[in-house]
>>> print(open('entry-v7.cif').read())   # mmCIF, C-alpha atoms
data_target
#
loop_
_atom_site.label_atom_id
_atom_site.label_comp_id
_atom_site.auth_asym_id
_atom_site.auth_seq_id
_atom_site.Cartn_x
_atom_site.Cartn_y
_atom_site.Cartn_z
CA HIS A 126 -5.03 139.15 138.76
CA SER A 127 -6.25 139.56 142.32
CA GLU A 128 -6.04 142.23 144.95
CA THR A 129 -3.69 140.00 146.90
CA GLY A 130 -1.26 139.90 143.96
CA GLU A 131 -1.26 136.09 143.85
CA TRP A 132 -1.61 134.05 140.68
CA PRO A 133 -1.55 130.29 140.19
CA GLU A 134 1.93 128.92 139.81
CA VAL A 135 2.02 128.23 136.08
CA VAL A 136 -0.70 128.81 133.51
CA LEU A 137 -0.71 127.42 129.98
CA THR A 138 -3.66 129.46 128.83
CA ASP A 139 -5.73 130.13 125.75
CA ALA A 140 -4.04 133.06 124.02
CA ARG A 141 -6.43 133.17 121.04
CA GLN A 142 -5.96 136.57 119.40
CA MET A 143 -4.34 138.31 122.38
CA PRO A 144 -0.68 137.48 121.71
CA ASN A 145 0.79 139.11 124.79
CA GLN A 146 -2.01 138.73 127.28
CA VAL A 147 -3.49 136.00 129.42
CA SER A 148 -7.11 135.25 128.51
CA TYR A 149 -8.38 136.47 131.86
CA THR A 150 -11.90 135.04 131.63
CA GLU A 151 -10.75 131.50 130.85
CA PHE A 152 -7.82 131.76 133.27
CA ARG A 153 -10.00 132.93 136.16
CA ARG A 154 -12.77 130.42 135.41
CA ASP A 155 -10.55 127.35 135.47
CA TRP A 156 -8.30 128.51 138.28
CA GLN A 157 -11.31 129.36 140.43
CA GLU A 158 -12.58 125.83 139.95
CA ALA A 159 -9.23 124.35 140.87
CA VAL A 160 -8.83 126.52 143.97
CA ALA A 161 -12.40 125.81 145.00
CA LYS A 162 -11.66 122.08 145.07
CA GLY A 163 -9.22 122.72 147.88
CA ARG A 164 -5.89 122.64 146.06
CA THR A 165 -3.18 124.91 147.46
CA ARG A 166 -1.63 127.17 144.81
CA PRO A 167 -2.15 124.76 141.90
CA LEU A 168 -0.11 124.88 138.74
CA VAL A 169 -2.99 125.27 136.28
CA ILE A 170 -2.59 124.31 132.64
CA VAL A 171 -5.34 125.75 130.44
CA TYR A 172 -5.06 124.72 126.82
CA GLY A 173 -7.09 126.09 123.90
CA THR A 174 -6.61 127.82 120.55
CA GLY A 175 -3.34 129.25 121.82
CA SER A 176 -1.10 128.56 124.81
CA ASN A 177 1.39 130.15 127.15
CA ALA A 178 2.99 129.61 130.52
CA ASN A 179 2.71 132.11 133.37
CA ARG A 180 3.53 132.29 137.03
CA ARG A 181 3.68 134.94 139.72
CA ASN A 182 5.00 133.58 142.97
CA ALA A 183 4.16 134.62 146.52
CA ALA A 184 7.02 137.11 146.48
CA GLY A 185 5.50 138.85 143.44
CA ARG A 186 8.09 137.70 140.93
CA ALA A 187 6.59 136.86 137.53
CA ALA A 188 7.80 134.66 134.70
CA ARG A 189 6.31 133.52 131.44
CA ALA A 190 7.04 131.39 128.38
CA GLY A 191 5.05 131.49 125.17
CA GLY A 192 1.95 133.60 124.72
CA TRP A 193 3.31 135.16 121.54
CA GLY A 194 0.18 134.52 119.47
CA TYR A 195 -0.47 132.19 116.57
CA VAL A 196 1.95 133.90 114.14
CA LEU A 197 4.99 134.17 116.42
CA GLY A 198 4.45 131.20 118.70
CA ASP A 199 1.70 129.25 120.49
CA GLU A 200 3.64 126.04 119.87
CA GLY A 201 1.71 122.95 120.87
CA SER A 202 -1.62 124.79 120.96
CA GLY A 203 -4.84 123.81 119.21
CA TYR A 204 -4.09 126.19 116.38
CA TRP A 205 -0.55 124.82 116.11
CA LEU A 206 -1.85 121.23 115.94
CA ALA A 207 -4.29 122.22 113.19
CA ARG A 208 -1.62 124.06 111.23
CA MET A 209 0.72 121.08 111.42
CA ALA A 210 -2.11 118.82 110.25
CA LEU A 211 -2.85 121.08 107.29
CA ARG A 212 0.82 121.20 106.36
CA SER A 213 1.02 117.42 106.52
CA VAL A 214 -1.91 117.18 104.10
CA VAL A 215 -0.39 119.54 101.53
CA HIS A 216 3.05 117.96 101.90
CA ALA A 217 1.51 114.58 101.15
CA ALA A 218 -0.26 116.06 98.11
CA ASP A 219 3.05 117.45 96.84
CA GLY A 220 4.91 114.21 97.46
CA ARG A 221 7.07 115.96 100.08
CA GLY A 222 5.68 113.86 102.91
CA GLY A 223 4.13 110.52 103.56
CA SER A 224 0.46 109.77 103.08
CA THR A 225 -1.69 110.42 106.12
CA ALA A 226 -5.21 109.70 107.32
CA LEU A 227 -5.43 113.41 108.10
CA THR A 228 -6.07 114.08 104.41
CA ALA A 229 -9.44 112.33 104.34
CA HIS A 230 -10.57 113.85 107.63
CA ILE A 231 -9.65 117.42 106.75
CA LEU A 232 -11.06 117.26 103.21
CA ALA A 233 -14.32 115.92 104.65
CA HIS A 234 -14.37 118.70 107.25
CA PHE A 235 -14.35 121.34 104.51
CA GLY A 236 -16.52 119.37 102.12
CA VAL A 237 -13.92 119.26 99.35
CA THR A 238 -12.34 116.44 97.38
CA HIS A 239 -8.76 117.60 96.70
CA PRO A 240 -6.11 119.31 98.83
CA ARG A 241 -5.80 122.12 96.26
CA GLN A 242 -9.30 123.20 97.23
CA LEU A 243 -8.06 123.94 100.73
CA VAL A 244 -6.45 127.13 99.42
CA HIS A 245 -9.90 128.61 98.84
CA GLU A 246 -11.28 127.30 102.12
CA ILE A 247 -8.44 128.68 104.23
CA TYR A 248 -7.58 131.96 102.52
CA THR A 249 -10.73 133.15 100.77
CA ARG A 250 -12.98 132.47 103.74
CA GLU A 251 -10.42 134.16 106.05
CA LEU A 252 -11.04 131.71 108.87
CA PRO A 253 -10.06 133.03 112.31
CA PRO A 254 -7.55 131.04 114.38
CA SER A 255 -10.30 129.65 116.61
CA GLN A 256 -12.00 128.06 113.60
CA ILE A 257 -8.79 126.59 112.24
CA ALA A 258 -8.01 125.19 115.70
CA LEU A 259 -11.12 123.01 115.42
CA LEU A 260 -9.11 120.79 113.07
CA ALA A 261 -6.96 119.69 116.02
CA LYS A 262 -9.47 116.98 116.87
CA TYR A 263 -8.62 115.17 113.64
CA VAL A 264 -5.04 114.72 114.82
CA GLN A 265 -6.45 112.70 117.71
CA THR A 266 -8.74 110.76 115.36
CA ALA A 267 -5.96 109.93 112.91
CA PHE A 268 -3.68 108.93 115.78
CA GLU A 269 -6.30 106.49 117.02
CA GLU A 270 -6.36 105.01 113.52
CA GLY A 271 -2.65 104.31 113.76
CA ASP A 272 -1.46 107.23 111.65
CA GLU A 273 2.26 107.88 112.22
CA VAL A 274 2.10 111.47 110.96
CA ALA A 275 -0.53 112.29 113.58
CA ARG A 276 1.53 110.53 116.24
CA ALA A 277 4.56 112.68 115.38
CA ILE A 278 2.49 115.87 115.58
CA LEU A 279 1.14 114.95 119.02
CA GLN A 280 4.58 114.04 120.31
CA ALA A 281 5.96 117.38 119.11
CA ALA A 282 3.09 119.24 120.78
CA THR A 283 3.79 117.47 124.05
CA ARG A 284 7.46 118.44 123.92
CA GLU A 285 6.54 122.10 123.33
CA LEU A 286 4.09 122.28 126.22
CA VAL A 287 6.40 120.48 128.63
CA ALA A 288 9.20 122.85 127.59
CA ALA A 289 7.01 125.90 128.27
CA ALA A 290 6.04 124.66 131.74
CA GLY A 291 9.63 123.64 132.42
CA SER A 292 10.93 127.06 131.43
CA VAL A 293 8.75 128.92 133.91
CA THR A 294 9.37 126.30 136.58
CA ALA A 295 13.12 126.77 136.18
CA GLN A 296 12.94 130.57 136.03
CA LEU A 297 11.24 130.66 139.41
CA ALA A 298 13.33 127.85 140.93
CA MET A 299 10.32 125.71 141.80
CA THR A 300 11.63 122.38 140.54
CA GLU A 301 11.92 121.06 144.11
CA ASP A 302 8.49 122.29 145.19
CA ALA A 303 5.49 120.04 145.78
CA PHE A 304 2.46 121.13 143.76
CA THR A 305 -0.25 119.89 141.41
CA PHE A 306 -0.44 120.40 137.67
CA VAL A 307 -4.16 120.91 136.98
CA LEU A 308 -4.93 120.18 133.32
CA ALA A 309 -7.88 122.29 132.18
CA GLY A 310 -9.20 123.59 128.87
CA GLY A 311 -11.45 122.57 126.01
CA LEU A 312 -8.72 121.19 123.74
CA PHE A 313 -7.80 118.57 126.34
CA HIS A 314 -11.25 117.08 125.76
CA ALA A 315 -10.80 117.12 121.98
CA VAL A 316 -7.26 115.71 122.17
CA PRO A 317 -7.26 113.40 125.23
CA TRP A 318 -3.98 111.73 124.26
CA LEU A 319 -2.21 115.03 124.83
CA ARG A 320 -3.84 115.42 128.24
CA ASP A 321 -2.82 111.92 129.26
CA GLU A 322 0.72 112.24 127.95
CA LEU A 323 1.22 115.54 129.76
CA GLY A 324 -0.04 113.85 132.90
CA ASN A 325 2.74 111.30 132.49
CA ARG A 326 5.53 113.70 131.54
CA LEU A 327 4.96 116.87 133.56
CA PRO A 328 6.03 115.34 136.90
CA ALA A 329 9.52 114.97 135.40
CA VAL A 330 9.70 118.78 135.38
CA ALA A 331 9.40 118.78 139.16
CA PRO A 332 9.81 115.39 140.88
CA ARG A 333 7.56 116.27 143.81
CA SER A 334 4.71 117.42 141.57
CA ARG A 335 1.78 115.47 140.25
CA ALA A 336 -0.67 116.05 137.40
CA GLU A 337 -4.41 115.58 137.21
CA PRO A 338 -7.18 116.64 134.82
CA LEU A 339 -9.85 119.11 135.85
CA ARG A 340 -13.09 117.14 135.66
CA ASP A 341 -15.69 119.25 137.46
CA ASP A 342 -17.78 121.92 135.78
CA PRO A 343 -15.91 125.25 136.18
CA ALA A 344 -19.22 126.98 136.95
CA LEU A 345 -19.64 124.73 139.99
CA GLY A 346 -16.17 125.67 141.14
CA ALA A 347 -16.95 129.37 140.74
CA VAL A 348 -19.96 128.94 143.06
CA ARG A 349 -17.82 127.08 145.60
CA LEU A 350 -15.22 129.82 145.48
CA ALA A 351 -17.79 132.58 145.87
CA LEU A 352 -19.12 130.86 148.98
CA ALA A 353 -15.58 130.48 150.33
CA GLU A 354 -14.80 134.14 149.67
CA ALA A 355 -18.01 135.16 151.43
CA HIS A 356 -16.75 133.33 154.51
CA GLY A 357 -13.22 134.66 154.21
CA GLY A 358 -11.85 131.29 153.22
CA ALA A 359 -10.49 132.01 149.74
CA ARG A 360 -7.80 134.30 148.40
CA LEU A 361 -7.29 135.11 144.71
#
>>> encode(input="entry-v7.cif", output="structure tokens")
Amino acid sequence: HSETGEWPEVVLTDARQMPNQVSYTEFRRDWQEAVAKGRTRPLVIVYGTGSNANRRNAAGRAARAGGWGYVLGDEGSGYWLARMALRSVVHAADGRGGSTALTAHILAHFGVTHPRQLVHEIYTRELPPSQIALLAKYVQTAFEEGDEVARAILQAATRELVAAAGSVTAQLAMTEDAFTFVLAGGLFHAVPWLRDELGNRLPAVAPRSRAEPLRDDPALGAVRLALAEAHGGARL
């Protein structure tokens, strides 16, 4: 949050293990980069282990959707993708779901040969959410191999993230506004299909909006912003 009281319009941010807070470091880093590139009040989407949607408008009114943490929510997040992948593997092992390429990828990740061995890997090792979220990349891999289970997981994640952004957009009556969705965050690099699909679907939330990925190094943007602030040309 800044001294001016202004935040970017909507943030889908890495919640990690802070279920009711915005990850300030990651939020500020990516928003600084976006602002430094000259965008006016961008709608920044930062996507990592967890996710949420936040906005505080120029009048000071705030709204949010998600950000409940990996137990209560974080639908569509990296952790959520990984959890859905793991469930698909054990459902296939039980005969409660179809076979999936995710099984081979996830077993190889843990260095085991049977889904039953995942119980030890997940529970005995007490992996933190950030480590489990690393499995999200295999959903992308399996999708590229033509796996329908992975496709369904990615489609569901897209619906959840679009719904979160749409909720905040509607709460603050910004559906007719012109703005940019800036897609930023490490998981967008690991799961590029999700980034691209959000780029296609988010403009439907607000017809005058557009979506684009954040490609520059955030550190470079922070330097640009610092220089702009020094000259009175930036407001956070």
>>> residues_near_point(input="entry-v7.cif", point="(0.3, 127.1, 125.7)", cutoff="10 Å", atoms="only C-alpha atoms", output="number ranges by chain")
A: 136-140, 170-179, 190-194, 198-203, 205, 282, 285-287, 289-290
>>> closest_residue(input="entry-v7.cif", among="A:Val214, A:Leu339, A:Leu327, A:Leu197", to="Ala288 (chain A)", atoms="only C-alpha atoms")
A:Leu327
>>> resolve_selection(input="entry-v7.cif", expression="the PyMOL selection byres ((chain A and resi 314) around 12)", output="list in words")
Val171, Tyr172, Gly173, Gly203, Leu259, Ala261, Lys262, Gln265, Leu308, Ala309, Gly310, Gly311, Leu312, Phe313, Ala315, Val316, Pro317, Trp318, Leu319, Arg320, Asp321, Pro338, Leu339 and Arg340 of chain A
>>> atom_distance(input="entry-v7.cif", atom1="CA of Ile231 (chain A)", atom2="CA of Leu323 (chain A)")
25.5 Å
>>> atom_distance(input="entry-v7.cif", atom1="CA of Gly291 (chain A)", atom2="CA of Arg208 (chain A)")
24.0 Å
>>> closest_residue(input="entry-v7.cif", among="A:Arg186, A:Leu206, A:Glu337, A:Phe304", to="Ser255 (chain A)", atoms="only C-alpha atoms")
A:Leu206
>>> closest_residue(input="entry-v7.cif", among="A:Ala218, A:Pro328, A:Ala207, A:Ala226", to="Glu270 (chain A)", atoms="all atoms listed in the file")
A:Ala226
>>> atom_distance(input="entry-v7.cif", atom1="CA of Glu246 (chain A)", atom2="CA of Ala267 (chain A)")
21.1 Å
>>> closest_residue(input="entry-v7.cif", among="A:Ala187, A:Leu232, A:Leu243, A:Tyr263", to="Ala210 (chain A)", atoms="all atoms listed in the file")
A:Tyr263
>>> closest_residue(input="entry-v7.cif", among="A:Ala184, A:Ala331, A:Thr228, A:Tyr195", to="Ser292 (chain A)", atoms="all atoms listed in the file")
A:Ala331
>>> closest_residue(input="entry-v7.cif", among="A:Ala329, A:Ala217, A:Val196, A:Leu279", to="Glu301 (chain A)", atoms="only C-alpha atoms")
A:Ala329
>>> resolve_selection(input="entry-v7.cif", expression="the PyMOL selection byres ((chain A and resi 294) around 9)", output="list in words")
Glu134, Val135, Arg180, Ala188, Ala289, Ala290, Gly291, Ser292, Val293, Ala295, Gln296, Leu297, Ala298, Met299, Thr300, Val330 and Ala331 of chain A
>>> axis_aligned_box(input="entry-v7.cif", around="region 302-320 of chain A", padding_each_side="4 Å", output="JSON")
{"center_x": -1.5, "center_y": 117.7, "center_z": 133.9, "size_x": 27.9, "size_y": 19.9, "size_z": 31.8}
>>> build_atoms(input="entry-v7.cif", residues="region 252-283 of chain A", atoms="N, CA and C atoms", output="PDB file, in the frame of the given file")
ATOM      1  N   LEU A 252     -10.660 132.334 107.611  1.00  0.00           N
ATOM      2  CA  LEU A 252     -11.040 131.710 108.870  1.00  0.00           C
ATOM      3  C   LEU A 252     -10.205 132.250 110.026  1.00  0.00           C
ATOM      4  N   PRO A 253     -10.821 132.574 111.142  1.00  0.00           N
ATOM      5  CA  PRO A 253     -10.060 133.030 112.310  1.00  0.00           C
ATOM      6  C   PRO A 253      -9.323 131.851 112.943  1.00  0.00           C
ATOM      7  N   PRO A 254      -8.308 132.117 113.741  1.00  0.00           N
ATOM      8  CA  PRO A 254      -7.550 131.040 114.380  1.00  0.00           C
ATOM      9  C   PRO A 254      -8.414 130.056 115.159  1.00  0.00           C
ATOM     10  N   SER A 255      -9.453 130.544 115.815  1.00  0.00           N
ATOM     11  CA  SER A 255     -10.300 129.650 116.610  1.00  0.00           C
ATOM     12  C   SER A 255     -11.011 128.628 115.742  1.00  0.00           C
ATOM     13  N   GLN A 256     -11.343 128.997 114.509  1.00  0.00           N
ATOM     14  CA  GLN A 256     -12.000 128.060 113.600  1.00  0.00           C
ATOM     15  C   GLN A 256     -11.007 127.045 113.042  1.00  0.00           C
ATOM     16  N   ILE A 257      -9.812 127.508 112.729  1.00  0.00           N
ATOM     17  CA  ILE A 257      -8.790 126.590 112.240  1.00  0.00           C
ATOM     18  C   ILE A 257      -8.412 125.602 113.333  1.00  0.00           C
ATOM     19  N   ALA A 258      -8.378 126.058 114.575  1.00  0.00           N
ATOM     20  CA  ALA A 258      -8.010 125.190 115.700  1.00  0.00           C
ATOM     21  C   ALA A 258      -8.964 124.014 115.864  1.00  0.00           C
ATOM     22  N   LEU A 259     -10.166 124.111 115.330  1.00  0.00           N
ATOM     23  CA  LEU A 259     -11.120 123.010 115.420  1.00  0.00           C
ATOM     24  C   LEU A 259     -10.598 121.757 114.718  1.00  0.00           C
ATOM     25  N   LEU A 260      -9.671 121.936 113.796  1.00  0.00           N
ATOM     26  CA  LEU A 260      -9.110 120.790 113.070  1.00  0.00           C
ATOM     27  C   LEU A 260      -8.222 119.933 113.966  1.00  0.00           C
ATOM     28  N   ALA A 261      -7.852 120.442 115.128  1.00  0.00           N
ATOM     29  CA  ALA A 261      -6.960 119.690 116.020  1.00  0.00           C
ATOM     30  C   ALA A 261      -7.542 118.340 116.397  1.00  0.00           C
ATOM     31  N   LYS A 262      -8.851 118.246 116.463  1.00  0.00           N
ATOM     32  CA  LYS A 262      -9.470 116.980 116.870  1.00  0.00           C
ATOM     33  C   LYS A 262      -9.171 115.857 115.884  1.00  0.00           C
ATOM     34  N   TYR A 263      -8.903 116.213 114.630  1.00  0.00           N
ATOM     35  CA  TYR A 263      -8.620 115.170 113.640  1.00  0.00           C
ATOM     36  C   TYR A 263      -7.229 114.567 113.830  1.00  0.00           C
ATOM     37  N   VAL A 264      -6.352 115.292 114.499  1.00  0.00           N
ATOM     38  CA  VAL A 264      -5.040 114.720 114.820  1.00  0.00           C
ATOM     39  C   VAL A 264      -5.233 113.567 115.799  1.00  0.00           C
ATOM     40  N   GLN A 265      -6.116 113.778 116.775  1.00  0.00           N
ATOM     41  CA  GLN A 265      -6.450 112.700 117.710  1.00  0.00           C
ATOM     42  C   GLN A 265      -7.084 111.524 116.977  1.00  0.00           C
ATOM     43  N   THR A 266      -8.042 111.818 116.092  1.00  0.00           N
ATOM     44  CA  THR A 266      -8.740 110.760 115.360  1.00  0.00           C
ATOM     45  C   THR A 266      -7.775 109.939 114.516  1.00  0.00           C
ATOM     46  N   ALA A 267      -6.913 110.630 113.768  1.00  0.00           N
ATOM     47  CA  ALA A 267      -5.960 109.930 112.910  1.00  0.00           C
ATOM     48  C   ALA A 267      -4.973 109.114 113.741  1.00  0.00           C
ATOM     49  N   PHE A 268      -4.566 109.660 114.892  1.00  0.00           N
ATOM     50  CA  PHE A 268      -3.680 108.930 115.780  1.00  0.00           C
ATOM     51  C   PHE A 268      -4.321 107.620 116.228  1.00  0.00           C
ATOM     52  N   GLU A 269      -5.590 107.677 116.581  1.00  0.00           N
ATOM     53  CA  GLU A 269      -6.300 106.490 117.020  1.00  0.00           C
ATOM     54  C   GLU A 269      -6.422 105.448 115.912  1.00  0.00           C
ATOM     55  N   GLU A 270      -6.318 105.911 114.668  1.00  0.00           N
ATOM     56  CA  GLU A 270      -6.360 105.010 113.520  1.00  0.00           C
ATOM     57  C   GLU A 270      -4.984 104.450 113.172  1.00  0.00           C
ATOM     58  N   GLY A 271      -3.996 104.823 113.976  1.00  0.00           N
ATOM     59  CA  GLY A 271      -2.650 104.310 113.760  1.00  0.00           C
ATOM     60  C   GLY A 271      -1.798 105.133 112.821  1.00  0.00           C
ATOM     61  N   ASP A 272      -2.188 106.377 112.578  1.00  0.00           N
ATOM     62  CA  ASP A 272      -1.460 107.230 111.650  1.00  0.00           C
ATOM     63  C   ASP A 272      -0.169 107.753 112.291  1.00  0.00           C
ATOM     64  N   GLU A 273       0.966 107.488 111.657  1.00  0.00           N
ATOM     65  CA  GLU A 273       2.260 107.880 112.220  1.00  0.00           C
ATOM     66  C   GLU A 273       2.503 109.376 112.113  1.00  0.00           C
ATOM     67  N   VAL A 274       1.954 110.020 111.093  1.00  0.00           N
ATOM     68  CA  VAL A 274       2.100 111.470 110.960  1.00  0.00           C
ATOM     69  C   VAL A 274       1.402 112.161 112.128  1.00  0.00           C
ATOM     70  N   ALA A 275       0.203 111.720 112.449  1.00  0.00           N
ATOM     71  CA  ALA A 275      -0.530 112.290 113.580  1.00  0.00           C
ATOM     72  C   ALA A 275       0.203 112.039 114.887  1.00  0.00           C
ATOM     73  N   ARG A 276       0.767 110.855 115.029  1.00  0.00           N
ATOM     74  CA  ARG A 276       1.530 110.530 116.240  1.00  0.00           C
ATOM     75  C   ARG A 276       2.701 111.504 116.408  1.00  0.00           C
ATOM     76  N   ALA A 277       3.410 111.774 115.324  1.00  0.00           N
ATOM     77  CA  ALA A 277       4.560 112.680 115.380  1.00  0.00           C
ATOM     78  C   ALA A 277       4.133 114.093 115.759  1.00  0.00           C
ATOM     79  N   ILE A 278       2.986 114.533 115.255  1.00  0.00           N
ATOM     80  CA  ILE A 278       2.490 115.870 115.580  1.00  0.00           C
ATOM     81  C   ILE A 278       2.158 115.961 117.069  1.00  0.00           C
ATOM     82  N   LEU A 279       1.492 114.952 117.603  1.00  0.00           N
ATOM     83  CA  LEU A 279       1.140 114.950 119.020  1.00  0.00           C
ATOM     84  C   LEU A 279       2.371 114.894 119.911  1.00  0.00           C
ATOM     85  N   GLN A 280       3.347 114.121 119.524  1.00  0.00           N
ATOM     86  CA  GLN A 280       4.580 114.040 120.310  1.00  0.00           C
ATOM     87  C   GLN A 280       5.305 115.374 120.324  1.00  0.00           C
ATOM     88  N   ALA A 281       5.319 116.058 119.178  1.00  0.00           N
ATOM     89  CA  ALA A 281       5.960 117.380 119.110  1.00  0.00           C
ATOM     90  C   ALA A 281       5.220 118.390 119.968  1.00  0.00           C
ATOM     91  N   ALA A 282       3.879 118.322 119.957  1.00  0.00           N
ATOM     92  CA  ALA A 282       3.090 119.240 120.780  1.00  0.00           C
ATOM     93  C   ALA A 282       3.375 119.020 122.261  1.00  0.00           C
ATOM     94  N   THR A 283       3.490 117.771 122.653  1.00  0.00           N
ATOM     95  CA  THR A 283       3.790 117.470 124.050  1.00  0.00           C
ATOM     96  C   THR A 283       5.137 118.055 124.451  1.00  0.00           C
TER      97      THR A 283
END
